[in-house]
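Text of the file query-v8.cif, holding mmCIF, C-alpha atoms:
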data_input
#
loop_
_atom_site.group_PDB
_atom_site.id
_atom_site.type_symbol
_atom_site.label_atom_id
_atom_site.label_comp_id
_atom_site.auth_asym_id
_atom_site.auth_seq_id
_atom_site.Cartn_x
_atom_site.Cartn_y
_atom_site.Cartn_z
ATOM 1 C CA MET Z 1 7.832 23.491 2.030
ATOM 2 C CA ARG Z 2 6.664 23.217 5.620
ATOM 3 C CA VAL Z 3 7.319 20.374 8.027
ATOM 4 C CA VAL Z 4 4.446 20.104 10.488
ATOM 5 C CA LYS Z 5 4.821 17.906 13.565
ATOM 6 C CA LYS Z 6 1.769 18.826 15.629
ATOM 7 C CA ILE Z 7 -1.813 17.676 14.998
ATOM 8 C CA LYS Z 8 -3.262 20.994 16.134
ATOM 9 C CA GLU Z 9 -1.117 22.941 13.661
ATOM 10 C CA MET Z 10 -1.899 20.578 10.760
ATOM 11 C CA LYS Z 11 -5.643 20.834 11.396
ATOM 12 C CA LYS Z 12 -5.450 24.621 11.569
ATOM 13 C CA ILE Z 13 -3.593 24.751 8.245
ATOM 14 C CA ALA Z 14 -6.097 22.344 6.637
ATOM 15 C CA ASP Z 15 -9.055 24.403 7.885
ATOM 16 C CA GLN Z 16 -7.541 27.591 6.423
ATOM 17 C CA LEU Z 17 -6.800 25.926 3.071
ATOM 18 C CA ARG Z 18 -10.374 24.664 2.831
ATOM 19 C CA LYS Z 19 -11.689 28.101 3.773
ATOM 20 C CA GLU Z 20 -9.664 29.528 0.881
ATOM 21 C CA GLY Z 21 -11.224 26.963 -1.449
ATOM 22 C CA LYS Z 22 -7.961 25.086 -2.008
ATOM 23 C CA ILE Z 23 -8.035 21.402 -3.002
ATOM 24 C CA ILE Z 24 -5.864 19.304 -0.655
ATOM 25 C CA GLY Z 25 -4.171 16.238 -2.129
ATOM 26 C CA PHE Z 26 -2.761 13.696 0.316
ATOM 27 C CA VAL Z 27 -0.353 10.756 0.248
ATOM 28 C CA PRO Z 28 0.032 8.851 3.538
ATOM 29 C CA THR Z 29 3.367 7.007 3.828
ATOM 30 C CA MET Z 30 5.630 5.336 6.361
ATOM 31 C CA GLY Z 31 8.647 7.037 4.822
ATOM 32 C CA TYR Z 32 11.829 5.590 3.349
ATOM 33 C CA LEU Z 33 10.398 6.737 0.046
ATOM 34 C CA HIS Z 34 10.952 5.031 -3.309
ATOM 35 C CA GLU Z 35 9.804 5.636 -6.890
ATOM 36 C CA GLY Z 36 6.417 4.083 -6.098
ATOM 37 C CA HIS Z 37 5.712 6.670 -3.402
ATOM 38 C CA LEU Z 38 6.987 9.473 -5.611
ATOM 39 C CA SER Z 39 4.609 8.450 -8.406
ATOM 40 C CA LEU Z 40 1.696 8.818 -5.946
ATOM 41 C CA VAL Z 41 2.945 12.257 -4.916
ATOM 42 C CA LYS Z 42 3.104 13.377 -8.545
ATOM 43 C CA ILE Z 43 -0.533 12.348 -9.036
ATOM 44 C CA ALA Z 44 -1.617 14.127 -5.834
ATOM 45 C CA LYS Z 45 0.209 17.293 -6.936
ATOM 46 C CA ARG Z 46 -1.359 17.180 -10.367
ATOM 47 C CA LYS Z 47 -4.872 16.905 -9.000
ATOM 48 C CA SER Z 48 -4.693 19.394 -6.115
ATOM 49 C CA ASP Z 49 -3.702 22.926 -5.141
ATOM 50 C CA VAL Z 50 -1.799 21.858 -2.036
ATOM 51 C CA CYS Z 51 0.006 18.527 -1.668
ATOM 52 C CA VAL Z 52 0.486 17.004 1.790
ATOM 53 C CA VAL Z 53 2.594 13.895 2.441
ATOM 54 C CA SER Z 54 2.568 12.249 5.856
ATOM 55 C CA ILE Z 55 5.498 10.220 7.188
ATOM 56 C CA PHE Z 56 4.616 8.043 10.151
ATOM 57 C CA VAL Z 57 5.628 4.465 10.929
ATOM 58 C CA ASN Z 58 2.420 3.213 12.506
ATOM 59 C CA PRO Z 59 2.962 0.710 15.325
ATOM 60 C CA LEU Z 60 -0.659 -0.475 15.227
ATOM 61 C CA GLN Z 61 -0.209 -2.217 11.884
ATOM 62 C CA PHE Z 62 2.812 -4.295 12.914
ATOM 63 C CA GLY Z 63 2.511 -7.679 14.601
ATOM 64 C CA PRO Z 64 4.594 -8.524 17.705
ATOM 65 C CA LYS Z 65 7.173 -10.441 15.633
ATOM 66 C CA GLU Z 66 7.268 -7.999 12.719
ATOM 67 C CA ASP Z 67 9.780 -5.310 11.803
ATOM 68 C CA TYR Z 68 8.405 -2.155 13.475
ATOM 69 C CA HIS Z 69 11.646 -1.323 15.274
ATOM 70 C CA THR Z 70 13.880 -2.142 12.301
ATOM 71 C CA TYR Z 71 11.646 -0.670 9.578
ATOM 72 C CA PRO Z 72 13.867 1.636 7.465
ATOM 73 C CA ARG Z 73 13.686 5.314 8.371
ATOM 74 C CA ASN Z 74 15.544 8.284 6.862
ATOM 75 C CA PHE Z 75 13.665 11.563 7.201
ATOM 76 C CA LYS Z 76 16.501 13.690 5.811
ATOM 77 C CA ARG Z 77 16.503 11.679 2.588
ATOM 78 C CA ASP Z 78 12.692 11.701 2.367
ATOM 79 C CA LYS Z 79 12.544 15.463 2.876
ATOM 80 C CA LYS Z 80 15.051 16.014 0.078
ATOM 81 C CA LEU Z 81 13.048 13.847 -2.331
ATOM 82 C CA LEU Z 82 9.761 15.567 -1.481
ATOM 83 C CA THR Z 83 11.306 19.043 -1.721
ATOM 84 C CA ALA Z 84 12.488 18.216 -5.237
ATOM 85 C CA LEU Z 85 8.922 17.300 -6.211
ATOM 86 C CA GLY Z 86 7.517 20.533 -4.830
ATOM 87 C CA VAL Z 87 5.488 19.045 -1.987
ATOM 88 C CA ASP Z 88 3.870 21.803 0.075
ATOM 89 C CA ILE Z 89 3.634 20.158 3.495
ATOM 90 C CA ILE Z 90 5.184 17.121 5.188
ATOM 91 C CA PHE Z 91 3.146 16.002 8.182
ATOM 92 C CA TYR Z 92 5.736 14.317 10.382
ATOM 93 C CA PRO Z 93 4.263 13.558 13.810
ATOM 94 C CA SER Z 94 5.888 11.520 16.575
ATOM 95 C CA GLU Z 95 4.324 8.327 17.923
ATOM 96 C CA LYS Z 96 3.511 10.207 21.139
ATOM 97 C CA GLU Z 97 1.733 12.917 19.142
ATOM 98 C CA ILE Z 98 -0.483 10.408 17.313
ATOM 99 C CA TYR Z 99 -0.996 8.074 20.281
ATOM 100 C CA PRO Z 100 -0.558 10.173 23.464
ATOM 101 C CA GLU Z 101 -2.294 7.397 25.364
ATOM 102 C CA PRO Z 102 -3.406 3.836 24.526
ATOM 103 C CA CYS Z 103 -5.810 3.933 21.582
ATOM 104 C CA LEU Z 104 -9.079 2.281 22.667
ATOM 105 C CA THR Z 105 -10.891 3.040 19.417
ATOM 106 C CA SER Z 106 -10.186 1.201 16.190
ATOM 107 C CA VAL Z 107 -11.606 0.971 12.686
ATOM 108 C CA GLN Z 108 -12.249 -2.458 11.211
ATOM 109 C CA VAL Z 109 -13.358 -3.192 7.667
ATOM 110 C CA LYS Z 110 -14.736 -6.728 7.841
ATOM 111 C CA LYS Z 111 -14.594 -9.381 5.112
ATOM 112 C CA LEU Z 112 -12.169 -7.398 2.927
ATOM 113 C CA SER Z 113 -9.591 -7.619 5.741
ATOM 114 C CA GLU Z 114 -9.943 -11.338 6.376
ATOM 115 C CA GLY Z 115 -8.231 -12.934 3.374
ATOM 116 C CA LEU Z 116 -4.878 -12.525 1.608
ATOM 117 C CA CYS Z 117 -2.484 -10.616 3.921
ATOM 118 C CA GLY Z 118 -5.197 -10.303 6.571
ATOM 119 C CA ARG Z 119 -5.180 -14.052 7.131
ATOM 120 C CA VAL Z 120 -1.501 -14.153 8.020
ATOM 121 C CA ARG Z 121 -1.224 -10.683 9.600
ATOM 122 C CA PRO Z 122 -4.097 -10.496 12.116
ATOM 123 C CA GLY Z 123 -4.847 -6.938 13.194
ATOM 124 C CA HIS Z 124 -2.742 -5.409 10.416
ATOM 125 C CA PHE Z 125 -5.565 -3.863 8.415
ATOM 126 C CA GLU Z 126 -7.354 -2.736 11.568
ATOM 127 C CA GLY Z 127 -4.174 -0.786 12.351
ATOM 128 C CA VAL Z 128 -4.055 0.585 8.805
ATOM 129 C CA ALA Z 129 -7.717 1.640 8.775
ATOM 130 C CA THR Z 130 -7.367 3.273 12.186
ATOM 131 C CA ILE Z 131 -4.307 5.379 11.320
ATOM 132 C CA VAL Z 132 -5.695 6.366 7.910
ATOM 133 C CA THR Z 133 -8.928 7.499 9.566
ATOM 134 C CA LYS Z 134 -6.929 9.582 12.037
ATOM 135 C CA LEU Z 135 -4.814 11.072 9.247
ATOM 136 C CA PHE Z 136 -7.894 11.893 7.171
ATOM 137 C CA ASN Z 137 -9.384 13.728 10.157
ATOM 138 C CA ILE Z 138 -6.136 15.659 10.716
ATOM 139 C CA VAL Z 139 -5.124 16.517 7.127
ATOM 140 C CA LYS Z 140 -8.713 16.879 5.833
ATOM 141 C CA PRO Z 141 -7.881 16.056 2.199
ATOM 142 C CA HIS Z 142 -10.204 16.183 -0.806
ATOM 143 C CA ILE Z 143 -8.111 13.547 -2.633
ATOM 144 C CA ALA Z 144 -5.898 10.730 -1.312
ATOM 145 C CA VAL Z 145 -3.654 8.531 -3.461
ATOM 146 C CA PHE Z 146 -2.730 4.895 -2.726
ATOM 147 C CA GLY Z 147 -0.698 2.387 -4.740
ATOM 148 C CA GLN Z 148 -1.964 -0.765 -6.427
ATOM 149 C CA LYS Z 149 0.976 -2.758 -5.030
ATOM 150 C CA ASP Z 150 -0.906 -2.684 -1.709
ATOM 151 C CA TYR Z 151 -4.126 -3.585 -3.515
ATOM 152 C CA GLN Z 152 -5.945 -5.110 -0.544
ATOM 153 C CA GLN Z 153 -5.148 -2.025 1.530
ATOM 154 C CA ALA Z 154 -6.404 0.301 -1.212
ATOM 155 C CA ILE Z 155 -9.693 -1.607 -1.592
ATOM 156 C CA ILE Z 156 -10.175 -1.589 2.189
ATOM 157 C CA ILE Z 157 -9.605 2.180 2.354
ATOM 158 C CA LYS Z 158 -12.051 2.768 -0.527
ATOM 159 C CA LYS Z 159 -14.729 0.757 1.269
ATOM 160 C CA MET Z 160 -14.029 2.485 4.582
ATOM 161 C CA VAL Z 161 -14.361 5.916 2.963
ATOM 162 C CA LYS Z 162 -17.663 4.884 1.392
ATOM 163 C CA ASP Z 163 -19.077 3.277 4.542
ATOM 164 C CA LEU Z 164 -18.087 6.142 6.867
ATOM 165 C CA ASN Z 165 -19.162 8.877 4.420
ATOM 166 C CA PHE Z 166 -15.775 10.564 4.125
ATOM 167 C CA ASP Z 167 -15.929 13.240 1.459
ATOM 168 C CA ILE Z 168 -12.617 12.079 -0.032
ATOM 169 C CA LYS Z 169 -11.839 10.753 -3.492
ATOM 170 C CA ILE Z 170 -9.543 7.713 -3.341
ATOM 171 C CA ILE Z 171 -7.226 7.190 -6.312
ATOM 172 C CA ILE Z 172 -5.474 3.839 -6.820
ATOM 173 C CA ALA Z 173 -2.308 4.369 -8.861
ATOM 174 C CA PRO Z 174 -0.378 1.731 -10.868
ATOM 175 C CA THR Z 175 2.453 -0.270 -9.313
ATOM 176 C CA ILE Z 176 5.889 1.136 -10.100
ATOM 177 C CA ARG Z 177 8.568 -1.457 -10.840
ATOM 178 C CA GLU Z 178 12.316 -1.556 -11.031
ATOM 179 C CA LYS Z 179 13.797 -2.302 -14.487
ATOM 180 C CA ASN Z 180 13.895 -6.031 -13.674
ATOM 181 C CA GLY Z 181 10.171 -6.096 -12.824
ATOM 182 C CA LEU Z 182 10.509 -6.148 -9.033
ATOM 183 C CA ALA Z 183 7.812 -3.985 -7.461
ATOM 184 C CA CYS Z 184 9.240 -0.958 -5.635
ATOM 185 C CA SER Z 185 9.046 -1.424 -1.870
ATOM 186 C CA SER Z 186 10.738 0.066 1.184
ATOM 187 C CA ARG Z 187 11.430 -3.508 2.297
ATOM 188 C CA ASN Z 188 13.523 -4.227 -0.809
ATOM 189 C CA ILE Z 189 16.412 -2.818 1.226
ATOM 190 C CA TYR Z 190 16.381 -6.086 3.211
ATOM 191 C CA LEU Z 191 17.317 -8.085 0.086
ATOM 192 C CA ASN Z 192 20.880 -9.126 -0.618
ATOM 193 C CA GLU Z 193 22.114 -9.277 -4.221
ATOM 194 C CA LYS Z 194 21.110 -12.931 -4.714
ATOM 195 C CA GLU Z 195 17.644 -12.444 -3.188
ATOM 196 C CA ARG Z 196 17.007 -9.290 -5.234
ATOM 197 C CA LYS Z 197 17.822 -11.187 -8.428
ATOM 198 C CA GLU Z 198 15.668 -14.171 -7.428
ATOM 199 C CA ALA Z 199 12.733 -11.946 -6.403
ATOM 200 C CA THR Z 200 12.172 -10.993 -10.048
ATOM 201 C CA VAL Z 201 10.420 -14.366 -10.341
ATOM 202 C CA LEU Z 202 7.386 -12.864 -8.585
ATOM 203 C CA TYR Z 203 6.479 -10.626 -11.494
ATOM 204 C CA GLN Z 204 7.372 -13.428 -13.915
ATOM 205 C CA SER Z 205 4.854 -15.690 -12.177
ATOM 206 C CA LEU Z 206 2.166 -12.997 -12.321
ATOM 207 C CA ARG Z 207 2.775 -12.501 -16.034
ATOM 208 C CA LEU Z 208 2.583 -16.266 -16.517
ATOM 209 C CA ALA Z 209 -0.819 -16.277 -14.814
ATOM 210 C CA LYS Z 210 -2.034 -13.416 -17.003
ATOM 211 C CA LYS Z 211 -0.837 -15.243 -20.124
ATOM 212 C CA MET Z 212 -2.668 -18.429 -19.097
ATOM 213 C CA ILE Z 213 -5.908 -16.482 -18.542
ATOM 214 C CA LYS Z 214 -5.569 -14.670 -21.862
ATOM 215 C CA GLU Z 215 -5.075 -18.055 -23.550
ATOM 216 C CA GLY Z 216 -8.327 -19.340 -22.081
ATOM 217 C CA GLU Z 217 -7.424 -20.975 -18.754
ATOM 218 C CA ARG Z 218 -10.168 -20.349 -16.184
ATOM 219 C CA ASN Z 219 -9.246 -22.807 -13.433
ATOM 220 C CA SER Z 220 -7.578 -20.868 -10.585
ATOM 221 C CA GLU Z 221 -6.059 -23.984 -9.047
ATOM 222 C CA ARG Z 222 -4.192 -24.871 -12.238
ATOM 223 C CA ILE Z 223 -2.857 -21.329 -12.627
ATOM 224 C CA ILE Z 224 -1.694 -21.149 -9.000
ATOM 225 C CA LYS Z 225 -0.005 -24.540 -9.359
ATOM 226 C CA GLU Z 226 2.042 -23.262 -12.330
ATOM 227 C CA MET Z 227 2.938 -20.073 -10.479
ATOM 228 C CA LYS Z 228 4.161 -22.045 -7.459
ATOM 229 C CA LYS Z 229 6.169 -24.323 -9.724
ATOM 230 C CA LEU Z 230 7.901 -21.345 -11.364
ATOM 231 C CA ILE Z 231 8.706 -19.627 -8.055
ATOM 232 C CA THR Z 232 10.035 -22.757 -6.328
ATOM 233 C CA THR Z 233 12.179 -23.877 -9.277
ATOM 234 C CA LYS Z 234 13.675 -20.459 -10.046
ATOM 235 C CA SER Z 235 14.204 -19.132 -6.512
ATOM 236 C CA SER Z 236 14.674 -19.965 -2.852
ATOM 237 C CA GLY Z 237 11.614 -17.850 -1.980
ATOM 238 C CA LYS Z 238 9.251 -19.234 0.641
ATOM 239 C CA ILE Z 239 5.660 -18.791 -0.538
ATOM 240 C CA ASP Z 240 3.298 -17.270 2.019
ATOM 241 C CA TYR Z 241 0.286 -17.320 -0.288
ATOM 242 C CA ILE Z 242 -0.789 -17.117 -3.919
ATOM 243 C CA GLU Z 243 -4.456 -16.373 -4.548
ATOM 244 C CA ILE Z 244 -6.784 -15.329 -7.326
ATOM 245 C CA VAL Z 245 -9.613 -13.173 -6.009
ATOM 246 C CA ASP Z 246 -12.471 -11.055 -7.295
ATOM 247 C CA ALA Z 247 -11.094 -7.560 -7.910
ATOM 248 C CA LYS Z 248 -13.955 -5.871 -6.022
ATOM 249 C CA THR Z 249 -14.842 -8.236 -3.180
ATOM 250 C CA LEU Z 250 -11.414 -9.900 -2.734
ATOM 251 C CA ALA Z 251 -13.251 -13.220 -2.412
ATOM 252 C CA PRO Z 252 -11.284 -16.219 -3.772
ATOM 253 C CA VAL Z 253 -12.500 -17.452 -7.157
ATOM 254 C CA LYS Z 254 -12.253 -21.061 -8.332
ATOM 255 C CA LYS Z 255 -13.432 -20.357 -11.863
ATOM 256 C CA ILE Z 256 -12.183 -17.087 -13.313
ATOM 257 C CA SER Z 257 -14.653 -14.636 -14.817
ATOM 258 C CA GLY Z 258 -14.698 -10.860 -15.038
ATOM 259 C CA LYS Z 259 -11.942 -8.837 -13.388
ATOM 260 C CA VAL Z 260 -9.673 -10.635 -10.949
ATOM 261 C CA CYS Z 261 -6.652 -9.767 -8.841
ATOM 262 C CA ILE Z 262 -3.817 -12.285 -8.785
ATOM 263 C CA ALA Z 263 -1.968 -11.636 -5.537
ATOM 264 C CA LEU Z 264 0.985 -13.199 -3.776
ATOM 265 C CA ALA Z 265 3.295 -12.836 -0.800
ATOM 266 C CA VAL Z 266 6.697 -14.522 -0.722
ATOM 267 C CA PHE Z 267 9.569 -14.428 1.761
ATOM 268 C CA PHE Z 268 13.115 -13.834 0.544
ATOM 269 C CA GLY Z 269 15.305 -13.964 3.624
ATOM 270 C CA LYS Z 270 13.664 -11.677 6.169
ATOM 271 C CA ALA Z 271 11.863 -9.645 3.496
ATOM 272 C CA ARG Z 272 8.198 -10.450 2.925
ATOM 273 C CA LEU Z 273 7.388 -9.157 -0.550
ATOM 274 C CA ILE Z 274 3.886 -8.685 -1.930
ATOM 275 C CA ASP Z 275 2.812 -8.118 -5.516
ATOM 276 C CA ASN Z 276 -0.267 -8.421 -7.710
ATOM 277 C CA ILE Z 277 -1.745 -7.762 -11.113
ATOM 278 C CA LEU Z 278 -5.297 -7.158 -12.281
ATOM 279 C CA VAL Z 279 -6.590 -9.221 -15.188
ATOM 280 C CA GLN Z 280 -9.835 -8.849 -17.121
ATOM 281 C CA SER Z 281 -10.973 -12.218 -18.413
ATOM 282 C CA GLY Z 282 -13.321 -12.830 -21.290
#

Turn this file's structure into C-alpha cells for me.
Amino acid sequence: MRVVKKIKEMKKIADQLRKEGKIIGFVPTMGYLHEGHLSLVKIAKRKSDVCVVSIFVNPLQFGPKEDYHTYPRNFKRDKKLLTALGVDIIFYPSEKEIYPEPCLTSVQVKKLSEGLCGRVRPGHFEGVATIVTKLFNIVKPHIAVFGQKDYQQAIIIKKMVKDLNFDIKIIIAPTIREKNGLACSSRNIYLNEKERKEATVLYQSLRLAKKMIKEGERNSERIIKEMKKLITTKSSGKIDYIEIVDAKTLAPVKKISGKVCIALAVFFGKARLIDNILVQSG
C-alpha cells in the first residue's frame, strides 16, 4: 500500500492507472474510520482494480462554531485498518496541499442543499461539493462510494456528478449500525455511556415511522409527532430536526406517497447525530 501526500503524485499515478486500463474505485473520508467507512471500502475494492481512500478533514465544510479543530484524527489507526483490507493507495494530503491559498472557487448544488442539514449548517454542502470535486479531479476515479447515513450528501454528489458531466459512477451503500442500532459515526466518540445508550432511540424512532407508514399512515405531521414524543420521553436528546422528504428531490412531503426518506438530527451532549431510513409506501 502506498501513502500519497502530494496532488501532483496522485494525479500522475491516476493517469498511469487509466492508461493501463485499470478501474479506479474511490472512497473519500475524513478519517477516524469505523465499520461504516470500511463497508464502503469493501464495495470499492470489489468493483475496481485499484482502491484509493482519501483522508482529509476539510475545513470548508465546518461552520465557525463547529468541531473542525477537535474532530477525531488518528492516521496510524486508519492506516492499519486500510492495510488489513488491502487498500492500494491512501491519499493523505495536508490542508496546505489542498488549499495552498484561499479558495475563491466553490461548487454549489442548489435546492438539494437548502433543506435538512443544509438549513442549520449554512455553507456545509458547498464545502462538501467543493472538496469532492477537487478530489475527483485529483484521484480520477471510475467509481466512488458514499454511505446512506449521509443521505443528503450522497444525493447532492449524485446530482453534481450528473450536472457537471463527471464520468464517475456513484454508489450509495447501506448504513452500517452498531448492535444496538446506533448508526456508525466518527462523532460517536463524543458520547458518554449514558448518551450512547440513549442515542439508540434514534433508530427506534425511525423504525416506528416505518411501521406507521406500512400500517397505512400517510400524514407526515402525525408520524413526526410520534417520533418526537418517543425521542423526548426516552432520552435527553435535543432534536435539531425530523423531516420526511421525497427520496429523490429531498423536498418535504405532507402526504406520503412513493419513496420517502425519513431523516433526523439530534444532539446528545456535544455530539450532533444524524440518521435516516428509506421507506417505499403503497

Residue members of the PyMOL selection byres ((chain Z and resi 101-114) around 9) in the file shown, as a PyMOL selection string: chain Z and resi 96+98-100+115-119+122-131+133+152-153+155-157+159-160+249-251

Distance in Å - atom CA of Z:Arg2 versus atom CA of Z:Phe75: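 Taking atom CA of Z:Arg2 as the start and atom CA of Z:Phe75 as the end point, the length is 13.7 Å.
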
Two-atom distance - atom CA of Z:Thr233, atom CA of Z:Asn276 (Å):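 Computed distance, atom CA of Z:Thr233 to atom CA of Z:Asn276, equals 19.9 Å.
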
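Nearest residue to Z:Thr83 among Z:Leu135, Z:Leu278, Z:Val3, Z:Ile213 is Z:Val3, counting all atoms listed in the file.
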
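Ranking Z:Lys259, Z:Lys234, Z:Lys158, Z:Lys47 by their shortest atom-to-atom distance to Z:Val132, with all atoms listed in the file included, puts Z:Lys158 first.
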
Gap from atom CA of Z:Asn188 to atom CA of Z:Asn58 - Å, one decimal: 18.9 Å

Residue nearest Z:Phe136 among Z:Val266, Z:Val27, Z:Ile256, Z:Ile223 (counting only C-alpha atoms):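 The shortest atom-to-atom distance to Z:Phe136 comes from Z:Val27.
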
Picked residues, the PyMOL selection byres ((chain Z and resi 150) around 12), expected as a VMD selection string: chain Z and resid 29 36 to 37 116 to 117 125 128 145 to 149 151 to 157 172 to 176 183 to 185 261 263 to 265 273 to 277

Write out the residues from the selection above, keeping C-alpha atoms, as a CSV table (one decimal), in the coordinates of the input.
chain,number,residue,atom,x,y,z
Z,29,THR,CA,3.4,7.0,3.8
Z,36,GLY,CA,6.4,4.1,-6.1
Z,37,HIS,CA,5.7,6.7,-3.4
Z,116,LEU,CA,-4.9,-12.5,1.6
Z,117,CYS,CA,-2.5,-10.6,3.9
Z,125,PHE,CA,-5.6,-3.9,8.4
Z,128,VAL,CA,-4.1,0.6,8.8
Z,145,VAL,CA,-3.7,8.5,-3.5
Z,146,PHE,CA,-2.7,4.9,-2.7
Z,147,GLY,CA,-0.7,2.4,-4.7
Z,148,GLN,CA,-2.0,-0.8,-6.4
Z,149,LYS,CA,1.0,-2.8,-5.0
Z,151,TYR,CA,-4.1,-3.6,-3.5
Z,152,GLN,CA,-5.9,-5.1,-0.5
Z,153,GLN,CA,-5.1,-2.0,1.5
Z,154,ALA,CA,-6.4,0.3,-1.2
Z,155,ILE,CA,-9.7,-1.6,-1.6
Z,156,ILE,CA,-10.2,-1.6,2.2
Z,157,ILE,CA,-9.6,2.2,2.4
Z,172,ILE,CA,-5.5,3.8,-6.8
Z,173,ALA,CA,-2.3,4.4,-8.9
Z,174,PRO,CA,-0.4,1.7,-10.9
Z,175,THR,CA,2.5,-0.3,-9.3
Z,176,ILE,CA,5.9,1.1,-10.1
Z,183,ALA,CA,7.8,-4.0,-7.5
Z,184,CYS,CA,9.2,-1.0,-5.6
Z,185,SER,CA,9.0,-1.4,-1.9
Z,261,CYS,CA,-6.7,-9.8,-8.8
Z,263,ALA,CA,-2.0,-11.6,-5.5
Z,264,LEU,CA,1.0,-13.2,-3.8
Z,265,ALA,CA,3.3,-12.8,-0.8
Z,273,LEU,CA,7.4,-9.2,-0.6
Z,274,ILE,CA,3.9,-8.7,-1.9
Z,275,ASP,CA,2.8,-8.1,-5.5
Z,276,ASN,CA,-0.3,-8.4,-7.7
Z,277,ILE,CA,-1.7,-7.8,-11.1

Residue IDs satisfying the PyMOL selection byres ((chain Z and resi 54) around 8), as a ChimeraX atom specification: /Z:26-30,52-53,55-56,90-92

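Taking only C-alpha atoms into account, the residues near (6.5, 16.1, -3.9), no farther than 8 Å, are Leu38, Val41, Lys42, Lys45, Cys51, Val53, Leu81, Leu82, Thr83, Ala84, Leu85, Gly86, Val87 and Asp88 of chain Z.
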
Option closest in space to Z:Val120, from Z:Glu178, Z:Glu66, Z:Glu35, Z:Asp246 [counting all atoms listed in the file]: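 Of all the options, Z:Glu66 lies closest to Z:Val120.
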
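For Z:Lys11, the residues within 12 Å (counting all atoms listed in the file, excluding itself and residues fewer than 6 positions away along the chain) are Val4, Lys5, Leu17, Arg18, Phe91, Lys134, Leu135, Phe136, Asn137, Ile138, Val139, Lys140 and Pro141 of chain Z.
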